[in-house]
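K.L.:
Data: query.csv, CSV, C-alpha atoms.
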```csv
chain,number,residue,atom,x,y,z
A,1,HIS,CA,0.0,0.0,0.0
A,2,GLY,CA,2.9,2.4,0.9
A,3,GLY,CA,4.6,1.6,-2.4
A,4,LYS,CA,1.6,2.6,-4.4
A,5,LEU,CA,1.3,5.9,-2.6
A,6,ARG,CA,5.0,6.6,-3.3
A,7,ILE,CA,4.5,5.8,-7.0
A,8,ALA,CA,1.4,8.0,-7.1
A,9,ALA,CA,3.3,10.9,-5.3
A,10,VAL,CA,6.2,10.6,-7.8
A,11,LEU,CA,3.9,10.6,-10.8
A,12,LEU,CA,2.1,13.6,-9.4
A,13,LEU,CA,5.4,15.5,-8.8
A,14,LYS,CA,6.6,14.7,-12.3
A,15,GLY,CA,3.3,15.9,-13.7
A,16,LEU,CA,3.5,19.2,-11.8
A,17,CYS,CA,7.3,19.8,-12.2
A,18,ILE,CA,8.1,18.3,-15.6
A,19,TRP,CA,5.1,17.5,-17.8
A,20,THR,CA,2.9,20.5,-17.1
A,21,PRO,CA,5.7,23.1,-17.8
A,22,ALA,CA,6.7,21.2,-20.9
A,23,LEU,CA,3.1,21.2,-22.1
A,24,LEU,CA,2.7,24.9,-21.4
A,25,PHE,CA,6.0,25.6,-23.2
A,26,TRP,CA,5.0,23.7,-26.4
A,27,VAL,CA,1.5,25.3,-26.4
A,28,ALA,CA,3.0,28.8,-26.1
A,29,LEU,CA,5.5,28.0,-28.8
A,30,VAL,CA,2.8,26.8,-31.2
A,31,PHE,CA,0.5,29.7,-30.6
A,32,GLY,CA,3.3,32.4,-30.2
A,33,ALA,CA,2.0,33.5,-26.8
A,34,PRO,CA,4.2,34.1,-23.7
A,35,ILE,CA,3.6,31.8,-20.7
A,36,LEU,CA,4.2,34.4,-18.1
A,37,ASP,CA,4.0,38.1,-18.9
A,38,PHE,CA,3.6,40.4,-16.0
A,39,ARG,CA,3.7,43.6,-18.2
A,40,THR,CA,0.7,45.9,-18.2
A,41,ASP,CA,-1.2,46.6,-21.4
A,42,GLU,CA,0.5,50.0,-21.7
A,43,GLU,CA,3.9,48.4,-21.3
A,44,VAL,CA,3.1,45.8,-23.9
A,45,GLN,CA,1.9,48.5,-26.3
A,46,GLU,CA,5.0,50.6,-25.7
A,47,ASP,CA,7.3,47.7,-26.4
A,48,GLU,CA,5.4,46.9,-29.6
A,49,HIS,CA,5.8,50.6,-30.7
A,50,GLU,CA,9.5,50.5,-29.9
A,51,ALA,CA,10.0,47.3,-31.9
A,52,GLN,CA,8.1,49.0,-34.9
A,53,ARG,CA,10.3,52.0,-34.6
A,54,LEU,CA,13.5,49.9,-34.8
A,55,GLU,CA,12.1,47.9,-37.7
A,56,ARG,CA,11.6,51.2,-39.6
A,57,PHE,CA,15.1,52.4,-38.7
A,58,PHE,CA,16.7,49.2,-39.9
A,59,ASP,CA,14.4,49.0,-42.9
A,60,VAL,CA,13.3,45.4,-42.2
A,61,ASP,CA,9.6,46.0,-41.7
A,62,GLY,CA,8.8,44.6,-45.2
A,63,LEU,CA,11.0,41.6,-45.1
A,64,PRO,CA,9.8,38.0,-44.8
A,65,ASP,CA,10.4,36.2,-41.5
A,66,ALA,CA,13.2,34.1,-42.9
A,67,GLU,CA,15.3,37.2,-43.7
A,68,TYR,CA,14.1,39.6,-41.1
A,69,LEU,CA,16.4,38.9,-38.1
A,70,ASP,CA,19.5,38.1,-40.1
A,71,GLU,CA,19.4,41.4,-42.1
A,72,TRP,CA,18.6,43.3,-38.9
A,73,GLN,CA,21.7,41.8,-37.1
A,74,THR,CA,24.1,42.3,-40.1
A,75,LYS,CA,22.9,45.9,-40.5
A,76,GLU,CA,23.3,46.6,-36.8
A,77,GLU,CA,26.8,45.1,-36.8
A,78,ALA,CA,27.9,47.1,-39.9
A,79,LEU,CA,26.5,50.4,-38.4
A,80,SER,CA,28.3,49.7,-35.1
A,81,GLN,CA,31.6,49.3,-37.0
A,82,VAL,CA,31.1,52.7,-38.8
A,83,VAL,CA,30.3,54.5,-35.5
A,84,ASP,CA,33.4,52.9,-33.9
A,85,LYS,CA,35.7,54.0,-36.7
A,86,LEU,CA,34.1,57.5,-36.5
A,87,LEU,CA,34.8,57.8,-32.8
A,88,ARG,CA,38.4,56.9,-33.5
A,89,SER,CA,38.8,59.6,-36.0
A,90,GLN,CA,41.0,62.5,-34.8
A,91,ARG,CA,39.2,65.0,-36.9
A,92,PHE,CA,35.8,63.9,-35.5
A,93,LEU,CA,37.0,64.0,-31.9
A,94,ASP,CA,38.6,67.5,-32.4
A,95,CYS,CA,35.2,68.8,-33.3
A,96,MET,CA,33.3,67.0,-30.5
A,97,LEU,CA,35.7,67.3,-27.5
A,98,PRO,CA,35.7,70.2,-25.1
A,99,GLY,CA,37.1,73.3,-26.8
A,100,ALA,CA,34.7,73.1,-29.7
A,101,TYR,CA,33.0,76.4,-28.8
A,102,VAL,CA,31.7,79.2,-30.9
A,103,GLY,CA,34.8,80.8,-32.6
A,104,ALA,CA,36.8,77.6,-32.1
A,105,GLY,CA,35.0,75.3,-34.5
A,106,PRO,CA,36.6,73.1,-37.1
A,107,SER,CA,36.4,75.8,-39.8
A,108,ASP,CA,37.9,78.5,-37.5
A,109,ALA,CA,41.1,76.9,-36.2
A,110,PRO,CA,43.2,73.9,-37.2
A,111,PRO,CA,43.0,70.8,-35.1
A,112,PRO,CA,45.5,70.7,-32.2
A,113,ILE,CA,48.6,68.7,-32.8
A,114,LYS,CA,48.8,65.6,-30.7
A,115,ALA,CA,52.0,64.3,-29.2
A,116,ALA,CA,53.6,61.4,-31.1
A,117,GLY,CA,51.8,58.1,-30.3
A,118,ALA,CA,48.8,59.8,-28.9
A,119,SER,CA,45.6,57.9,-29.6
A,120,ALA,CA,42.3,59.6,-30.6
A,121,ALA,CA,40.4,56.7,-29.2
A,122,GLY,CA,41.9,57.4,-25.8
A,123,ASP,CA,40.1,60.7,-25.7
A,124,VAL,CA,36.7,59.0,-25.6
A,125,GLU,CA,35.8,56.8,-22.7
A,126,ALA,CA,32.7,54.8,-22.0
A,127,GLY,CA,29.9,57.1,-21.2
A,128,ASP,CA,31.4,60.1,-22.9
A,129,VAL,CA,29.2,59.9,-25.9
A,130,GLU,CA,25.6,58.8,-26.5
A,131,VAL,CA,24.4,57.5,-29.9
A,132,SER,CA,20.7,57.9,-30.9
A,133,TYR,CA,18.9,56.6,-33.9
A,134,VAL,CA,17.0,59.1,-36.1
A,135,LEU,CA,13.8,57.6,-37.6
A,136,PRO,CA,13.6,58.0,-41.3
A,137,PRO,CA,10.7,60.1,-42.7
A,138,ALA,CA,7.7,58.2,-44.0
A,139,GLY,CA,8.4,56.8,-47.4
A,140,ALA,CA,12.1,57.5,-47.3
A,141,SER,CA,13.1,53.9,-48.1
A,142,GLY,CA,11.3,54.4,-51.4
A,143,ASP,CA,14.0,56.8,-52.6
A,144,HIS,CA,16.0,53.8,-53.8
A,145,GLY,CA,13.1,52.0,-55.3
A,146,SER,CA,11.8,48.6,-54.5
A,147,ARG,CA,14.1,45.8,-53.4
A,148,SER,CA,16.2,44.3,-56.2
A,149,MET,CA,14.9,41.0,-57.4
A,150,ALA,CA,18.5,39.8,-57.9
A,151,THR,CA,19.8,40.5,-54.4
A,152,GLY,CA,16.7,41.3,-52.4
A,153,HIS,CA,18.6,44.3,-50.8
A,154,ARG,CA,18.3,48.0,-51.4
A,155,PRO,CA,20.7,50.7,-50.1
A,156,TRP,CA,20.1,51.7,-46.5
A,157,ASP,CA,20.4,55.3,-45.3
A,158,PRO,CA,20.5,55.4,-41.5
A,159,ARG,CA,21.0,58.7,-39.6
A,160,LEU,CA,22.4,59.1,-36.1
A,161,VAL,CA,22.9,61.8,-33.6
A,162,ILE,CA,26.1,61.5,-31.5
A,163,ALA,CA,26.0,63.6,-28.3
A,164,HIS,CA,29.1,64.3,-26.2
A,165,ARG,CA,28.6,64.6,-22.5
A,166,ASP,CA,30.0,68.2,-22.6
A,167,GLY,CA,27.2,69.3,-24.9
A,168,SER,CA,28.3,69.0,-28.5
A,169,LEU,CA,26.1,67.3,-31.1
A,170,ALA,CA,26.8,65.7,-34.4
A,171,LEU,CA,24.5,64.5,-37.1
A,172,VAL,CA,25.8,61.5,-39.0
A,173,SER,CA,24.3,60.3,-42.3
A,174,VAL,CA,25.4,57.0,-43.7
A,175,THR,CA,24.6,54.9,-46.8
A,176,LEU,CA,25.2,51.2,-46.5
A,177,GLU,CA,24.9,48.9,-49.5
A,178,HIS,CA,24.8,45.1,-49.6
A,179,VAL,CA,27.8,43.2,-50.9
A,180,ALA,CA,27.1,39.7,-51.9
A,181,GLY,CA,29.4,36.9,-50.8
A,182,GLY,CA,32.0,35.7,-53.2
A,183,LYS,CA,35.0,33.5,-53.5
A,184,ASP,CA,37.3,35.9,-51.7
A,185,ARG,CA,34.8,37.9,-49.5
A,186,GLU,CA,32.0,37.4,-47.1
A,187,GLU,CA,28.5,38.7,-47.5
A,188,ARG,CA,28.3,42.1,-45.7
A,189,TRP,CA,27.0,45.7,-45.8
A,190,ALA,CA,29.6,48.2,-47.0
A,191,CYS,CA,29.5,52.0,-46.2
A,192,THR,CA,29.6,53.9,-49.5
A,193,SER,CA,28.8,57.3,-48.0
A,194,LEU,CA,29.6,58.9,-44.7
A,195,ARG,CA,28.8,62.5,-43.8
A,196,ALA,CA,29.1,64.1,-40.4
A,197,ASP,CA,28.1,67.6,-39.4
A,198,LEU,CA,28.6,69.3,-36.1
A,199,VAL,CA,25.2,70.8,-35.3
A,200,ALA,CA,25.9,72.2,-31.8
A,201,PHE,CA,29.0,73.4,-30.0
A,202,CYS,CA,29.7,72.4,-26.4
A,203,ASP,CA,28.1,75.6,-25.1
A,204,GLY,CA,24.8,74.7,-26.9
A,205,GLU,CA,25.2,77.3,-29.7
A,206,PRO,CA,24.3,76.1,-33.2
A,207,ALA,CA,27.3,75.1,-35.3
A,208,CYS,CA,26.3,73.8,-38.8
A,209,GLU,CA,30.0,72.9,-39.4
A,210,PRO,CA,30.9,70.0,-41.8
A,211,ILE,CA,33.2,67.4,-40.2
A,212,CYS,CA,33.6,64.9,-43.0
A,213,ASP,CA,31.9,63.9,-46.3
A,214,LEU,CA,33.4,60.6,-47.6
A,215,ARG,CA,32.3,58.4,-50.5
A,216,GLY,CA,33.6,55.2,-51.8
A,217,PRO,CA,32.5,52.6,-54.4
A,218,LEU,CA,31.6,49.0,-53.8
A,219,PRO,CA,32.8,46.5,-52.7
A,220,HIS,CA,35.1,48.3,-50.3
A,221,GLY,CA,33.3,51.5,-49.6
A,222,VAL,CA,34.9,54.2,-47.5
```
Transcribe the structure of this file into structure tokens.
P.N.:
Amino acid sequence: HGGKLRIAAVLLLKGLCIWTPALLFWVALVFGAPILDFRTDEEVQEDEHEAQRLERFFDVDGLPDAEYLDEWQTKEEALSQVVDKLLRSQRFLDCMLPGAYVGAGPSDAPPPIKAAGASAAGDVEAGDVEVSYVLPPAGASGDHGSRSMATGHRPWDPRLVIAHRDGSLALVSVTLEHVAGGKDREERWACTSLRADLVAFCDGEPACEPICDLRGPLPHGV
């Protein structure tokens, strides 16, 4: 009698701890619904709107599910590499770092001469700059026409605002074009156009000073 009770207790515990969670997991997976979601309706709606804004920024809102995540990730990686290179540019840092005030902008004075071996990247520490995405205007992706039937990719024109903690602001406009994989290269997104403009000095005064305007052809870009 005691053995039967133990077997029943074990089966009950297995059902509660293993089989029931597994069943709930597969049901949620099939129907695409979360099992436990403690967010309020407002928080869910806000998260959905944020996801839609990111889809617009990365120009993936019209892609099929099979390509959606992969293109998003490759674009995000390519854009991060562009921003990283920009933040290592001595010219860019000379315009953004303290000292870039009215009357001392990039067009008014030459960049200061660094000591030999000085690194531009060393001037920017974690938390010194903040990068914000600028949503494209409605219909902006249509400027390049529909997606190519051959590659399925159209040029992407993201815009960013880079803010230094001391107050300076720069608007960065980029064009990234898809490069198909080949025998000697991997599939990637190449930057074919990079323009940066200082829009505000450290003291908050408007700048409208060009920092750089670079262009380069595929497959290498700038």
K.L.:
If I take CA of Leu198 (chain A) and CA of Val134 (chain A), how far is one from the other in Å, to one decimal?
P.N.:
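Between CA of Leu198 (chain A) and CA of Val134 (chain A) the gap works out to 15.4 Å.
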K.L.:
Give me, please, the distance in Å between CA of Val82 (chain A) and CA of Val222 (chain A), quoted to one decimal.
P.N.:
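Spanning CA of Val82 (chain A) to CA of Val222 (chain A) is a straight-line distance of 9.6 Å.
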K.L.:
Pick from A:Thr192, A:Ser168, A:Gln52, A:Gln45: nearest to Glu209 (chain A), with all atoms listed in the file counted?
P.N.:
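Going through A:Thr192, A:Ser168, A:Gln52, A:Gln45 one by one, the smallest distance to Glu209 (chain A) is for A:Ser168.
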K.L.:
Identify the residues around (19.5, 39.7, -43.1) within a radius of 12 Å, measuring from only C-alpha atoms in the coordinates stated by the file, and give them as a PyMOL selection string.
P.N.:
chain A and resi 58-78+151-154+178-180+187-189
K.L.:
Could you check which of A:Ala51, A:Leu79, A:Glu130, A:Glu42 is closest to Ala190 (chain A), using all atoms listed in the file?
P.N.:
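Once distances to Ala190 (chain A) are computed over all atoms listed in the file, the minimum belongs to A:Leu79.
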K.L.:
Please report the interatomic distance between CA of Val174 (chain A) and CA of Pro136 (chain A) in Å with one decimal.
P.N.:
12.1 Å
